Each structure stands twice: as C-alpha cells, then as structure tokens.
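Text of the file target02.cif, holding mmCIF, C-alpha atoms:
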```cif
data_input
loop_
_atom_site.label_atom_id
_atom_site.label_comp_id
_atom_site.auth_asym_id
_atom_site.auth_seq_id
_atom_site.Cartn_x
_atom_site.Cartn_y
_atom_site.Cartn_z
CA MET A 1 -31.53 -106.39 91.54
CA LYS A 2 -34.66 -107.81 89.93
CA ASN A 3 -35.74 -111.16 91.30
CA LYS A 4 -34.28 -114.27 89.75
CA GLU A 5 -37.53 -115.36 88.10
CA THR A 6 -37.76 -112.04 86.23
CA LEU A 7 -34.11 -112.25 85.19
CA LYS A 8 -34.57 -115.84 84.03
CA LEU A 9 -37.48 -114.73 81.85
CA ILE A 10 -35.45 -111.83 80.43
CA ALA A 11 -32.58 -114.18 79.56
CA ASN A 12 -34.94 -116.74 78.06
CA ASP A 13 -36.62 -114.02 75.99
CA LEU A 14 -33.23 -112.87 74.66
CA HIS A 15 -32.45 -116.48 73.75
CA ASP A 16 -35.83 -116.86 72.04
CA GLN A 17 -35.01 -113.75 70.00
CA GLY A 18 -31.94 -115.55 68.64
CA TYR A 19 -29.11 -114.37 70.86
CA ASN A 20 -26.69 -117.10 71.84
CA CYS A 21 -26.67 -118.57 75.35
CA SER A 22 -23.74 -116.49 76.55
CA GLN A 23 -25.26 -113.26 75.27
CA SER A 24 -28.64 -114.10 76.78
CA VAL A 25 -27.30 -114.80 80.25
CA PHE A 26 -24.70 -112.04 80.35
CA ALA A 27 -26.98 -109.32 78.95
CA ALA A 28 -29.81 -110.15 81.36
CA LEU A 29 -27.47 -109.95 84.35
CA ALA A 30 -25.08 -107.24 83.15
CA VAL A 31 -27.83 -104.69 82.60
CA GLU A 32 -28.81 -105.19 86.25
CA LEU A 33 -25.18 -104.59 87.18
CA GLY A 34 -24.94 -101.32 85.26
CA LEU A 35 -23.56 -102.36 81.88
CA GLU A 36 -25.34 -101.27 78.70
CA GLN A 37 -27.14 -104.12 76.94
CA GLU A 38 -25.41 -103.44 73.62
CA VAL A 39 -21.99 -103.71 75.27
CA ALA A 40 -22.98 -106.91 77.07
CA LEU A 41 -24.24 -108.48 73.86
CA LYS A 42 -20.99 -107.65 72.06
CA VAL A 43 -18.73 -108.88 74.86
CA ALA A 44 -20.48 -112.25 75.10
CA ALA A 45 -21.03 -112.76 71.36
CA PRO A 46 -17.95 -114.95 70.68
CA LEU A 47 -18.70 -117.27 73.58
CA GLY A 48 -21.85 -118.91 72.21
CA GLY A 49 -21.93 -122.47 70.95
CA GLY A 50 -19.45 -123.55 73.57
CA ILE A 51 -17.02 -120.72 72.71
CA GLY A 52 -17.04 -119.94 69.02
CA ARG A 53 -19.32 -122.89 68.27
CA THR A 54 -16.63 -125.41 69.25
CA GLY A 55 -18.92 -127.28 71.65
CA GLN A 56 -16.62 -126.63 74.60
CA THR A 57 -17.76 -124.68 77.71
CA CYS A 58 -21.48 -123.92 77.53
CA GLY A 59 -22.30 -120.33 76.62
CA ALA A 60 -24.76 -120.07 79.50
CA VAL A 61 -21.85 -120.84 81.83
CA THR A 62 -19.48 -118.34 80.23
CA GLY A 63 -22.14 -115.64 80.26
CA ALA A 64 -22.80 -116.17 83.95
CA LEU A 65 -19.08 -116.16 84.72
CA LEU A 66 -18.71 -112.83 82.94
CA ALA A 67 -21.52 -111.40 85.08
CA LEU A 68 -20.01 -112.77 88.27
CA GLY A 69 -16.72 -111.19 87.21
CA LEU A 70 -18.40 -107.79 87.09
CA VAL A 71 -19.02 -108.12 90.82
CA TYR A 72 -16.31 -110.43 92.14
CA GLY A 73 -13.55 -109.95 89.56
CA ASN A 74 -10.21 -108.61 90.67
CA THR A 75 -8.87 -105.30 89.39
CA SER A 76 -5.39 -105.71 90.79
CA PRO A 77 -2.88 -108.53 90.51
CA ASP A 78 -3.33 -109.24 94.23
CA GLY A 79 -3.24 -112.96 94.91
CA ALA A 80 -6.04 -112.92 97.47
CA ALA A 81 -8.36 -111.09 95.07
CA LYS A 82 -7.58 -113.61 92.33
CA ASP A 83 -8.21 -116.47 94.73
CA ARG A 84 -11.65 -115.04 95.63
CA ASN A 85 -12.52 -114.57 91.96
CA TYR A 86 -11.49 -118.11 91.07
CA ALA A 87 -13.37 -119.53 94.07
CA VAL A 88 -16.56 -117.83 92.86
CA ALA A 89 -16.03 -119.27 89.36
CA ARG A 90 -15.44 -122.77 90.74
CA GLU A 91 -18.54 -122.55 92.93
CA PHE A 92 -20.69 -121.51 90.00
CA MET A 93 -19.30 -124.28 87.79
CA ALA A 94 -19.78 -126.89 90.50
CA ARG A 95 -23.39 -125.84 91.03
CA PHE A 96 -24.14 -125.80 87.29
CA THR A 97 -22.53 -129.23 86.85
CA ALA A 98 -24.44 -130.66 89.81
CA LYS A 99 -27.68 -129.50 88.24
CA ASN A 100 -26.94 -130.40 84.62
CA GLY A 101 -24.23 -133.04 84.60
CA SER A 102 -21.66 -131.16 82.52
CA LEU A 103 -20.21 -127.79 81.55
CA ARG A 104 -19.57 -128.82 77.94
CA CYS A 105 -21.96 -127.65 75.26
CA ARG A 106 -21.65 -130.79 73.15
CA GLU A 107 -22.47 -133.00 76.14
CA LEU A 108 -25.37 -130.83 77.26
CA LEU A 109 -26.79 -130.65 73.72
CA GLY A 110 -26.07 -134.24 72.80
CA ALA A 111 -24.60 -133.01 69.49
CA ASP A 112 -21.19 -131.91 68.29
CA ILE A 113 -21.93 -128.50 66.82
CA SER A 114 -18.27 -127.95 65.95
CA THR A 115 -18.80 -129.90 62.73
CA PRO A 116 -21.13 -128.90 59.89
CA GLU A 117 -22.93 -132.24 60.19
CA GLY A 118 -23.37 -131.93 63.95
CA LEU A 119 -24.61 -128.35 63.67
CA ALA A 120 -27.08 -129.35 60.95
CA ASP A 121 -28.28 -132.25 63.12
CA ALA A 122 -28.73 -129.99 66.18
CA ARG A 123 -30.70 -127.50 64.09
CA ALA A 124 -32.81 -130.22 62.48
CA ARG A 125 -33.69 -131.64 65.89
CA GLY A 126 -34.45 -128.15 67.26
CA LEU A 127 -31.98 -128.61 70.11
CA PHE A 128 -31.10 -124.94 70.51
CA LYS A 129 -34.72 -124.03 71.21
CA ALA A 130 -35.67 -127.22 73.05
CA VAL A 131 -32.63 -127.62 75.28
CA CYS A 132 -30.59 -124.44 75.61
CA GLY A 133 -33.28 -122.26 77.19
CA GLY A 134 -33.22 -124.46 80.28
CA TYR A 135 -29.46 -124.08 80.63
CA VAL A 136 -29.78 -120.32 80.17
CA MET A 137 -32.34 -120.11 82.97
CA ASP A 138 -30.32 -122.44 85.22
CA ALA A 139 -27.22 -120.29 84.76
CA VAL A 140 -29.12 -117.10 85.58
CA GLU A 141 -30.69 -118.70 88.65
CA ILE A 142 -27.37 -119.87 90.07
CA ALA A 143 -25.62 -116.57 89.28
CA VAL A 144 -28.40 -114.50 90.87
CA GLU A 145 -28.25 -116.65 94.00
CA MET A 146 -24.52 -116.04 94.17
CA LEU A 147 -24.88 -112.30 93.51
CA ASP A 148 -27.79 -111.88 95.92
CA PRO A 149 -27.84 -114.65 98.54
CA SER A 150 -31.27 -113.50 99.74
CA GLN A 151 -32.69 -114.92 96.48
CA GLY A 152 -31.39 -118.43 97.16
#
```

The structure given in the file should be rewritten as structure tokens.
Amino acid sequence: MKNKETLKLIANDLHDQGYNCSQSVFAALAVELGLEQEVALKVAAPLGGGIGRTGQTCGAVTGALLALGLVYGNTSPDGAAKDRNYAVAREFMARFTAKNGSLRCRELLGADISTPEGLADARARGLFKAVCGGYVMDAVEIAVEMLDPSQG
C-alpha cells in the first residue's frame, strides 16, 4: 500500500477535481485495495454531502468505512465476523470524532446543506473547498493507519 501521505494527496486531488468527499476517500483507498477507480467512484457517489446531501454522516467517513469494509467486512452471517467488522467501524468513527468533533456533515461544515438556502450559503462561503479537504485527508489518514498499522 502507498504511504498515507501519498494517499491523502490522491484523495485531496480527487476532491479538488470535484468528486464528493465519499468518492474521494473511497476511490483513493479502494484502488490500493484492488478495486477499479470507476467502480469505487460509482459506489460512493450517493454518500456525499452527508449521504445524499442530507448533512448526516460525513462523506469522508462513509468513504473510509467502505474501504475498511473491503478488508475487514464479513462475507458470512457469522456473528464473530460481524462483531469484528462493527468494532473496526466504531474505532474509525471514534478516532475521526476525536480529531474533528463530529461525524455529521452539517456540524463539520457549519451549514445545513440539506436545504437550498444552506447549500447556497455553503457554496457562497466556499466551505466545500475550504473545509472538506481536511476531513477527506483525516479520514484517509485514520483508515490507512487501521489498514496498515506500520503507518501509524
């Protein structure tokens, strides 16, 4: 796996190109895990803007969770496998929250993008470019550390 600084830059570049936070994080990590970039971008597309632009769970978080699922996700209904998968998700979310104070897009952005007025305000203030890139890179950093403990 590429080092976390390189993956952070790849994710940030995707975000700068206009991909949403979930796409940017998931595509940067998923390609390293063997998934085609086009597939990764499609899978994560609905999760941007706090899932469908509702301002709920941050897209950077959902993108990282998808990537962690590629490695730690269960492929059987076995309870122990599910428990491990959920533990990984909880650890990621706890680490992201500790670093950023929330998992919710609207709290992280300081704008409610689920409304036309809030979205217009966020765009007018340049929040997506000014704020979201940091969350994208934080999510990649935490996920890489969890995928490759030697990079922590």

As a check of understanding, name the residues that the PyMOL selection byres ((chain A and resi 140) around 8) selects in the supplied structure, as a PyMOL selection string.
chain A and resi 4+7-8+11+25+29+64+136-139+141-144

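Picked by the PyMOL selection byres ((chain A and resi 38-44) around 8) from the coordinates shown: Ser22, Gln23, Ser24, Phe26, Ala27, Ala30, Val31, Leu35, Glu36, Gln37, Ala45, Pro46, Leu47, Gly48 and Gly63 of chain A.
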
What gap, in Å, lies between atom CA of Asn20 of chain A and atom CA of Asn74 of chain A?
26.4 Å

Which segment 27-70 of chain A residues have any atom within 10 Å of an atom of segment 92-108 of chain A, and for each, what is the nearest pair of atoms with distance in Å to one decimal, counting only C-alpha atoms, rows sorted by chain and number, as a tab-separated table?
```
residue	atom	partner	partner_atom	distance
A:Gly48	CA	A:Cys105	CA	9.3
A:Gly49	CA	A:Cys105	CA	6.7
A:Gly50	CA	A:Cys105	CA	5.1
A:Ile51	CA	A:Cys105	CA	8.9
A:Arg53	CA	A:Cys105	CA	8.9
A:Thr54	CA	A:Arg106	CA	8.3
A:Gly55	CA	A:Arg106	CA	4.7
A:Gln56	CA	A:Arg104	CA	5.0
A:Thr57	CA	A:Arg104	CA	4.5
A:Cys58	CA	A:Cys105	CA	4.4
A:Gly59	CA	A:Cys105	CA	7.5
A:Ala60	CA	A:Cys105	CA	9.1
A:Val61	CA	A:Leu103	CA	7.1
A:Thr62	CA	A:Leu103	CA	9.6
A:Ala64	CA	A:Phe92	CA	8.3
A:Leu65	CA	A:Phe92	CA	7.7
A:Leu68	CA	A:Phe92	CA	8.9
```

Selection above as a file: C-alpha atoms, as an mmCIF file, in the frame of the given file:
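Result written to out32.cif:
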```cif
data_model
loop_
_atom_site.group_PDB
_atom_site.id
_atom_site.type_symbol
_atom_site.label_atom_id
_atom_site.label_comp_id
_atom_site.auth_asym_id
_atom_site.auth_seq_id
_atom_site.Cartn_x
_atom_site.Cartn_y
_atom_site.Cartn_z
ATOM 1 C CA GLY A 48 -21.850 -118.910 72.210
ATOM 2 C CA GLY A 49 -21.930 -122.470 70.950
ATOM 3 C CA GLY A 50 -19.450 -123.550 73.570
ATOM 4 C CA ILE A 51 -17.020 -120.720 72.710
ATOM 5 C CA ARG A 53 -19.320 -122.890 68.270
ATOM 6 C CA THR A 54 -16.630 -125.410 69.250
ATOM 7 C CA GLY A 55 -18.920 -127.280 71.650
ATOM 8 C CA GLN A 56 -16.620 -126.630 74.600
ATOM 9 C CA THR A 57 -17.760 -124.680 77.710
ATOM 10 C CA CYS A 58 -21.480 -123.920 77.530
ATOM 11 C CA GLY A 59 -22.300 -120.330 76.620
ATOM 12 C CA ALA A 60 -24.760 -120.070 79.500
ATOM 13 C CA VAL A 61 -21.850 -120.840 81.830
ATOM 14 C CA THR A 62 -19.480 -118.340 80.230
ATOM 15 C CA ALA A 64 -22.800 -116.170 83.950
ATOM 16 C CA LEU A 65 -19.080 -116.160 84.720
ATOM 17 C CA LEU A 68 -20.010 -112.770 88.270
#
```

Smallest atom-to-atom distance to Met1 of chain A: which of A:Asp78, A:Glu32, A:Glu91, A:Glu117, using all atoms listed in the file?
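Distance minimum relative to Met1 of chain A lands on A:Glu32.
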
Using atom CA of Leu119 of chain A and atom CA of Ala67 of chain A as the two end points, give the distance in Å to one decimal.
27.5 Å

How many Å separate atom CA of Ile113 of chain A from atom CA of Leu70 of chain A?
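We find that atom CA of Ile113 of chain A and atom CA of Leu70 of chain A lie 29.2 Å from each other.
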
Check the smallest atom-to-atom distance from each of A:Ala28, A:Thr75, A:Leu109, A:Ser150 to Tyr135 of chain A using only C-alpha atoms, then report the winner.
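Going through A:Ala28, A:Thr75, A:Leu109, A:Ser150 one by one, the smallest distance to Tyr135 of chain A is for A:Leu109.
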